[in-house]
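To be precise, the following lines are start05.txt, and they hold compact mmCIF, C-alpha atoms.
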# COMPACT_ATOMS: atom_id res chain seq x y z
CA MET G 1 40.99 2.70 44.48
CA HIS G 2 39.55 6.23 44.40
CA HIS G 3 40.43 6.59 40.70
CA HIS G 4 38.94 3.22 39.89
CA LYS G 5 35.64 4.26 41.52
CA MET G 6 35.61 7.51 39.54
CA ALA G 7 36.21 5.62 36.29
CA VAL G 8 33.34 3.25 37.07
CA LEU G 9 31.04 6.20 37.89
CA ALA G 10 32.03 7.99 34.71
CA ALA G 11 31.38 4.86 32.67
CA PHE G 12 28.07 4.39 34.49
CA ALA G 13 27.11 8.03 33.74
CA ILE G 14 27.92 7.54 30.05
CA TRP G 15 25.88 4.31 30.06
CA ILE G 16 22.88 6.13 31.64
CA VAL G 17 23.06 8.91 29.05
CA SER G 18 23.35 6.50 26.13
CA ALA G 19 20.56 4.30 27.53
CA ALA G 20 18.34 7.35 27.91
CA THR G 21 19.15 8.43 24.34
CA ALA G 22 18.43 4.95 23.04
CA GLN G 23 15.17 4.92 24.95
CA SER G 24 14.09 8.32 23.63
CA THR G 25 14.76 7.24 20.06
CA SER G 26 12.83 4.02 20.66
CA THR G 27 9.76 5.92 21.92
CA PRO G 28 7.51 6.03 18.86
CA PRO G 29 6.33 9.47 17.73
CA LEU G 30 3.08 10.85 19.05
CA LEU G 31 0.40 10.66 16.35
CA ALA G 32 -2.13 13.50 16.36
CA PHE G 33 -5.21 13.60 14.13
CA ALA G 34 -6.43 17.18 13.76
CA ALA G 35 -9.06 19.36 12.14
CA SER G 36 -7.92 20.54 8.70
CA SER G 37 -8.73 24.14 9.67
CA ALA G 38 -6.02 23.95 12.36
CA THR G 39 -3.32 22.64 9.97
CA ASN G 40 -0.91 25.59 9.98
CA ALA G 41 -1.08 26.30 13.71
CA ILE G 42 -0.78 22.64 14.78
CA GLU G 43 2.14 22.01 12.38
CA ASP G 44 3.98 24.99 13.92
CA ILE G 45 3.19 23.85 17.48
CA ALA G 46 4.38 20.29 16.71
CA LYS G 47 7.63 21.66 15.24
CA ARG G 48 8.21 23.83 18.32
CA TYR G 49 7.43 20.91 20.64
CA GLU G 50 10.03 18.79 18.87
CA ALA G 51 12.58 21.64 18.77
CA GLU G 52 12.22 22.00 22.55
CA GLY G 53 13.26 18.36 22.90
CA HIS G 54 9.93 16.88 23.98
CA GLY G 55 9.78 14.29 21.20
CA ARG G 56 8.36 13.92 17.73
CA VAL G 57 4.71 14.60 16.86
CA ILE G 58 3.31 13.36 13.55
CA THR G 59 0.21 15.26 12.43
CA VAL G 60 -2.56 14.09 10.10
CA PHE G 61 -5.24 16.58 9.03
CA ASP G 62 -8.81 16.02 7.85
CA ALA G 63 -12.35 17.07 8.64
CA THR G 64 -12.85 16.47 12.38
CA SER G 65 -15.77 14.13 11.71
CA ARG G 66 -13.68 11.89 9.47
CA ALA G 67 -10.64 11.98 11.77
CA ALA G 68 -12.83 10.97 14.74
CA ARG G 69 -14.47 8.13 12.80
CA GLN G 70 -11.06 6.83 11.64
CA ILE G 71 -9.91 6.70 15.28
CA ALA G 72 -13.10 4.83 16.21
CA GLN G 73 -12.35 2.37 13.39
CA GLY G 74 -8.90 1.64 14.80
CA ALA G 75 -6.55 4.31 13.39
CA PRO G 76 -3.62 4.41 15.86
CA ALA G 77 -3.80 8.13 16.69
CA HIS G 78 -2.97 9.11 20.27
CA LEU G 79 -5.04 12.28 20.29
CA LEU G 80 -7.69 14.18 18.35
CA ILE G 81 -7.72 17.94 17.88
CA SER G 82 -11.33 18.77 17.05
CA ALA G 83 -12.98 21.89 15.65
CA ASN G 84 -16.13 21.03 17.58
CA PRO G 85 -16.76 19.65 21.11
CA VAL G 86 -19.32 17.20 19.72
CA TRP G 87 -16.62 14.97 18.26
CA THR G 88 -14.41 14.91 21.36
CA GLN G 89 -17.51 13.91 23.36
CA TRP G 90 -18.47 11.33 20.73
CA LEU G 91 -15.06 9.65 20.90
CA ALA G 92 -15.31 9.42 24.69
CA ALA G 93 -18.93 8.23 24.61
CA CYS G 94 -18.01 5.52 22.12
CA GLY G 95 -15.09 4.33 24.26
CA HIS G 96 -12.31 5.53 21.95
CA GLY G 97 -11.42 8.73 23.79
CA ILE G 98 -10.69 9.64 27.41
CA GLY G 99 -13.14 12.41 28.26
CA ALA G 100 -11.30 13.52 31.40
CA THR G 101 -8.29 14.56 29.27
CA THR G 102 -10.28 17.02 27.13
CA ARG G 103 -8.69 20.46 26.79
CA LYS G 104 -10.25 23.56 25.25
CA ILE G 105 -7.36 24.97 23.21
CA ALA G 106 -8.66 27.75 20.92
CA SER G 107 -11.74 29.28 19.35
CA GLY G 108 -12.53 30.82 16.00
CA GLU G 109 -14.94 32.77 13.87
CA MET G 110 -16.53 32.28 10.46
CA VAL G 111 -16.39 34.62 7.50
CA LEU G 112 -18.11 34.92 4.15
CA VAL G 113 -15.50 34.89 1.36
CA ALA G 114 -15.40 35.32 -2.41
CA PRO G 115 -12.67 34.94 -5.05
CA VAL G 116 -10.33 37.91 -5.52
CA GLY G 117 -11.83 40.09 -8.24
CA SER G 118 -15.39 39.32 -7.17
CA THR G 119 -17.81 42.21 -7.66
CA LEU G 120 -19.61 41.40 -4.41
CA LYS G 121 -19.42 44.29 -1.92
CA THR G 122 -17.17 43.83 1.09
CA SER G 123 -18.56 46.50 3.39
CA LEU G 124 -22.08 45.17 3.90
CA PRO G 125 -23.21 43.61 7.18
CA LEU G 126 -24.23 39.98 7.09
CA ASN G 127 -28.00 39.67 6.85
CA ALA G 128 -30.57 37.77 4.80
CA HIS G 129 -30.31 40.33 2.00
CA HIS G 130 -26.55 40.08 1.52
CA PRO G 131 -25.81 39.85 -2.24
CA ALA G 132 -23.64 36.76 -1.67
CA PHE G 133 -26.84 34.82 -0.96
CA ALA G 134 -28.09 35.57 -4.48
CA VAL G 135 -25.08 33.98 -6.22
CA ARG G 136 -25.28 30.90 -8.42
CA ARG G 137 -22.95 28.76 -6.29
CA LEU G 138 -22.27 29.13 -2.57
CA ALA G 139 -20.04 26.55 -0.86
CA ILE G 140 -20.00 25.23 2.70
CA ALA G 141 -18.43 22.17 4.34
CA ASP G 142 -20.64 19.10 4.65
CA PRO G 143 -23.33 20.16 7.17
CA ALA G 144 -24.10 16.59 8.23
CA GLY G 145 -21.10 16.43 10.53
CA VAL G 146 -18.07 18.47 9.46
CA PRO G 147 -17.89 21.25 12.09
CA ALA G 148 -17.40 24.09 9.58
CA GLY G 149 -20.49 22.82 7.74
CA VAL G 150 -22.51 22.58 10.96
CA TYR G 151 -21.65 26.20 11.85
CA ALA G 152 -22.39 27.35 8.29
CA ARG G 153 -25.76 25.61 8.23
CA GLU G 154 -26.71 27.11 11.61
CA THR G 155 -25.77 30.55 10.27
CA LEU G 156 -27.84 30.18 7.09
CA VAL G 157 -30.82 28.78 9.02
CA ASP G 158 -30.59 31.62 11.55
CA LEU G 159 -30.51 34.18 8.74
CA GLY G 160 -33.55 32.54 7.14
CA VAL G 161 -31.83 31.80 3.80
CA TRP G 162 -31.16 28.05 4.15
CA GLU G 163 -34.22 26.86 2.18
CA ASP G 164 -33.65 29.35 -0.61
CA LEU G 165 -29.94 28.53 -0.90
CA SER G 166 -30.20 24.74 -0.64
CA PRO G 167 -30.47 24.09 -4.41
CA ARG G 168 -27.42 26.31 -5.05
CA LEU G 169 -25.22 25.00 -2.26
CA LEU G 170 -22.07 23.02 -2.94
CA THR G 171 -20.80 21.00 0.02
CA GLY G 172 -17.18 19.92 0.39
CA ASP G 173 -15.54 17.20 2.46
CA ASN G 174 -13.62 19.72 4.55
CA VAL G 175 -13.10 23.44 4.88
CA ARG G 176 -9.75 23.45 3.03
CA THR G 177 -11.40 21.86 -0.01
CA ILE G 178 -13.92 24.71 -0.09
CA LEU G 179 -11.20 27.30 0.29
CA GLY G 180 -9.58 25.76 -2.80
CA TRP G 181 -12.83 26.11 -4.74
CA VAL G 182 -13.11 29.80 -3.85
CA SER G 183 -9.44 30.43 -4.67
CA ALA G 184 -9.94 28.79 -8.08
CA GLY G 185 -13.13 30.77 -8.73
CA ALA G 186 -15.16 27.55 -8.97
CA VAL G 187 -17.76 28.98 -6.56
CA ASP G 188 -18.98 32.56 -6.12
CA ALA G 189 -18.84 32.65 -2.33
CA ALA G 190 -18.32 30.40 0.67
CA LEU G 191 -18.49 30.25 4.45
CA VAL G 192 -15.12 29.31 5.96
CA TYR G 193 -13.17 30.05 9.12
CA ALA G 194 -11.45 33.43 9.36
CA THR G 195 -8.19 31.55 9.93
CA ASP G 196 -8.62 29.81 6.54
CA ALA G 197 -9.32 33.06 4.72
CA ALA G 198 -6.11 34.46 6.22
CA ILE G 199 -3.81 31.86 4.64
CA THR G 200 -4.48 32.71 1.00
CA ASP G 201 -4.28 35.87 -1.10
CA SER G 202 -6.78 34.52 -3.60
CA VAL G 203 -9.93 35.15 -1.56
CA ILE G 204 -11.48 38.30 -0.13
CA THR G 205 -13.51 38.48 3.06
CA LEU G 206 -16.96 39.91 2.39
CA ALA G 207 -18.28 39.83 5.95
CA ARG G 208 -17.59 38.42 9.39
CA VAL G 209 -20.27 36.10 10.71
CA PRO G 210 -21.62 37.29 14.08
CA ALA G 211 -20.94 34.65 16.76
CA ALA G 212 -24.60 34.74 17.82
CA LEU G 213 -25.62 33.09 14.52
CA HIS G 214 -24.05 29.69 15.31
CA SER G 215 -22.81 27.43 18.10
CA PRO G 216 -19.54 28.51 19.71
CA ILE G 217 -16.55 27.54 17.54
CA SER G 218 -14.50 25.76 20.16
CA TYR G 219 -11.37 23.75 19.35
CA GLU G 220 -10.74 20.87 21.74
CA ALA G 221 -8.10 18.18 22.12
CA VAL G 222 -8.66 14.77 23.71
CA ALA G 223 -6.50 11.68 24.32
CA THR G 224 -7.61 8.54 22.55
CA SER G 225 -7.70 5.11 24.19
CA THR G 226 -4.41 4.27 22.39
CA PRO G 227 -1.83 5.04 25.09
CA HIS G 228 1.42 6.98 24.57
CA PRO G 229 3.77 8.29 27.29
CA LYS G 230 3.70 11.85 25.87
CA THR G 231 -0.03 12.32 25.17
CA GLN G 232 -0.81 14.07 28.45
CA HIS G 233 2.29 16.23 28.14
CA PHE G 234 1.36 17.37 24.63
CA LEU G 235 -2.25 18.07 25.68
CA ASP G 236 -0.92 20.31 28.47
CA TYR G 237 1.55 21.89 26.03
CA LEU G 238 -1.36 23.01 23.81
CA GLN G 239 -2.49 25.25 26.69
CA THR G 240 0.95 26.77 27.37
CA ALA G 241 1.75 30.38 26.46
CA THR G 242 4.08 29.09 23.72
CA ALA G 243 1.32 27.15 21.96
CA GLN G 244 -1.33 29.79 22.63
CA ASN G 245 0.89 32.45 21.03
CA ILE G 246 1.20 30.27 17.91
CA PHE G 247 -2.60 29.88 17.75
CA ALA G 248 -2.97 33.65 18.11
CA ALA G 249 -0.38 34.28 15.37
CA HIS G 250 -2.54 32.18 13.03
CA GLY G 251 -5.66 34.20 13.85
CA PHE G 252 -7.29 31.88 16.37
CA LEU G 253 -9.07 33.39 19.35
CA PRO G 254 -8.52 32.29 22.98
CA PRO G 255 -10.27 29.14 24.28
CA LEU G 256 -13.97 29.42 25.17
CA ASN G 257 -13.74 27.93 28.63
CA ASP G 258 -17.40 28.45 29.46
CA ALA G 259 -18.95 27.57 26.08
CA PRO G 260 -21.77 25.02 26.02
CA ALA G 261 -21.39 22.16 23.54
CA PRO G 262 -23.38 22.48 20.30
CA ALA G 263 -25.60 19.65 19.12
CA LEU G 264 -24.85 17.85 15.87
CA ALA G 265 -27.51 17.96 13.15
CA VAL G 266 -27.08 14.20 12.87
CA GLN G 267 -25.94 12.40 16.03
CA PRO G 268 -23.58 9.72 14.70
CA ALA G 269 -23.77 6.15 15.92
CA CYS G 270 -20.66 4.60 17.45
CA GLY G 271 -18.50 2.36 15.30
File written out as structure tokens:
Amino acid sequence: MHHHKMAVLAAFAIWIVSAATAQSTSTPPLLAFAASSATNAIEDIAKRYEAEGHGRVITVFDATSRAARQIAQGAPAHLLISANPVWTQWLAACGHGIGATTRKIASGEMVLVAPVGSTLKTSLPLNAHHPAFAVRRLAIADPAGVPAGVYARETLVDLGVWEDLSPRLLTGDNVRTILGWVSAGAVDAALVYATDAAITDSVITLARVPAALHSPISYEAVATSTPHPKTQHFLDYLQTATAQNIFAAHGFLPPLNDAPAPALAVQPACG
């Protein structure tokens, strides 16, 4: 009788394990939409998350503004990783995000870059007279909503060179597009994130942009209204030492927990 009970328990234990395995494979992957500037760090964090046995995370990268709008239009993402608090707030305000789940996960800084081989000086402080502002073509991300473009526009306005530069500005759909232009020598200079400049050998950093010239560059993550059992867990994971060390390794700065939210140049309508 005793042996029979043990056999039943063993079989039951095997059944539990196999049922749990079947269940974990039937849980669909977590789908994260994220700012293109965070590509390398978020890919590494997602890989680590999966390696630690927490489940699969599929990542899709684009300008935050476009990622947020796609979620609002029904894209089945479970969370948004934004390069600007405006878009996490917008998702929540429009009923497509859960504001209470918002996490500040990293911060960043902007730099002025040029193609390798550029004759522009790299030791000059950033002011209105910087030679990069006299070039034929300067690139920034779209200032109407793409966070990198919003920060770049604020910087150029603050320096008093926006009006003068406007006719010579090229705007790109996201910050990685612009980085490609600089790398290819298609533009003379550009404003990108320091973390972007760090991933390629084909650009040089001319100057760091003082933080006082633009709204705080605060990366935030928020759960969307599309539920998934692991969303909350992954949001918390982004704040763990493991994830924070990966952000730091990619050149991101710690979260700005007391930063006020910047205002968008154009407040987008819902839908």
Exercise. Within 8 Å of (-21.7, 31.8, -7.6), in the coordinates the file gives, what residues turn up when you count all atoms listed in the file, written out as an MDAnalysis selection string?
Worked result: chainID G and resid 132 135:138 186:189
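For the choices G:Leu156, G:Leu30, G:Ala35, G:Ile98, the atom-to-atom distance to G:Ala77 is smallest for G:Leu30 when using only C-alpha atoms.
Across the model, the gap from atom CA of G:Asn40 to atom CA of G:Asn174 is 15.0 Å.
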Exercise. Could you name the residues that touch stretch 201-204 of chain G at 6 Å or less, counting all atoms listed in the file, but leaving out those on the same chain fewer than 2 positions away, as a PyMOL selection string?
Worked result: chain G and resi 113-116+183
Exercise. Can you tell me, as a ChimeraX atom specification, what residues are no more than 10 Å from G:Leu126 when counting only C-alpha atoms, ignoring any on the same chain fewer than 6 positions away?
Worked result: /G:111-112,132-133,159,206-210
Rows by chain and residue number, stretch 202-271 of chain G within 6 Å of stretch 78-92 of chain G, shortest pair, only C-alpha atoms, as JSON lines:
{"residue": "G:Ser218", "atom": "CA", "partner": "G:Asn84", "partner_atom": "CA", "distance": 5.6}
{"residue": "G:Tyr219", "atom": "CA", "partner": "G:Ala83", "partner_atom": "CA", "distance": 4.4}
{"residue": "G:Glu220", "atom": "CA", "partner": "G:Ser82", "partner_atom": "CA", "distance": 5.2}
{"residue": "G:Ala221", "atom": "CA", "partner": "G:Ile81", "partner_atom": "CA", "distance": 4.3}
{"residue": "G:Val222", "atom": "CA", "partner": "G:Leu80", "partner_atom": "CA", "distance": 5.5}
{"residue": "G:Ala223", "atom": "CA", "partner": "G:Leu79", "partner_atom": "CA", "distance": 4.3}
{"residue": "G:Thr224", "atom": "CA", "partner": "G:Leu79", "partner_atom": "CA", "distance": 5.1}
{"residue": "G:Thr226", "atom": "CA", "partner": "G:His78", "partner_atom": "CA", "distance": 5.5}
{"residue": "G:Ala261", "atom": "CA", "partner": "G:Pro85", "partner_atom": "CA", "distance": 5.8}
Could those residues be written to a file, using C-alpha atoms, as a compact mmCIF listing (two decimals), keeping the file's coordinate frame?
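As a result, result.txt now contains:
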# COMPACT_ATOMS: atom_id res chain seq x y z
CA SER G 218 -14.50 25.76 20.16
CA TYR G 219 -11.37 23.75 19.35
CA GLU G 220 -10.74 20.87 21.74
CA ALA G 221 -8.10 18.18 22.12
CA VAL G 222 -8.66 14.77 23.71
CA ALA G 223 -6.50 11.68 24.32
CA THR G 224 -7.61 8.54 22.55
CA THR G 226 -4.41 4.27 22.39
CA ALA G 261 -21.39 22.16 23.54
Closest-contact table, stretch 85-164 of chain G side, partner stretch 244-250 of chain G, 10 Å, counting only C-alpha atoms, as JSON lines:
{"residue": "G:Ile105", "atom": "CA", "partner": "G:Gln244", "partner_atom": "CA", "distance": 7.7}
{"residue": "G:Ala106", "atom": "CA", "partner": "G:Phe247", "partner_atom": "CA", "distance": 7.2}
{"residue": "G:Ser107", "atom": "CA", "partner": "G:Phe247", "partner_atom": "CA", "distance": 9.3}
For this session: Go ahead and compute the interatomic distance for atom CA of G:Asp62 and atom CA of G:Ala198, in Å to one decimal.
Result: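 So the two atoms, atom CA of G:Asp62 and atom CA of G:Ala198, lie 18.7 Å apart.
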Exercise. List as a PyMOL selection string: which residues have an atom within 6 Å of (-20.4, 26.3, 7.4), counting only C-alpha atoms?
Worked result: chain G and resi 140-141+148-153+191
Around all the atoms of stretch 59-66 of chain G listed in the file, draw an axis-aligned box and extend it by 3 Å on each of the six sides; I want its centre and edge lengths in Å to one decimal, as AutoDock Vina command-line options.
--center_x -7.8 --center_y 14.5 --center_z 10.1 --size_x 22.0 --size_y 11.2 --size_z 10.6
Problem set entry | Straight-line distance linking atom CA of G:Leu213 with atom CA of G:Ala67, stated in Å to one decimal |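 About the pair atom CA of G:Leu213 and atom CA of G:Ala67: they are 26.0 Å apart.
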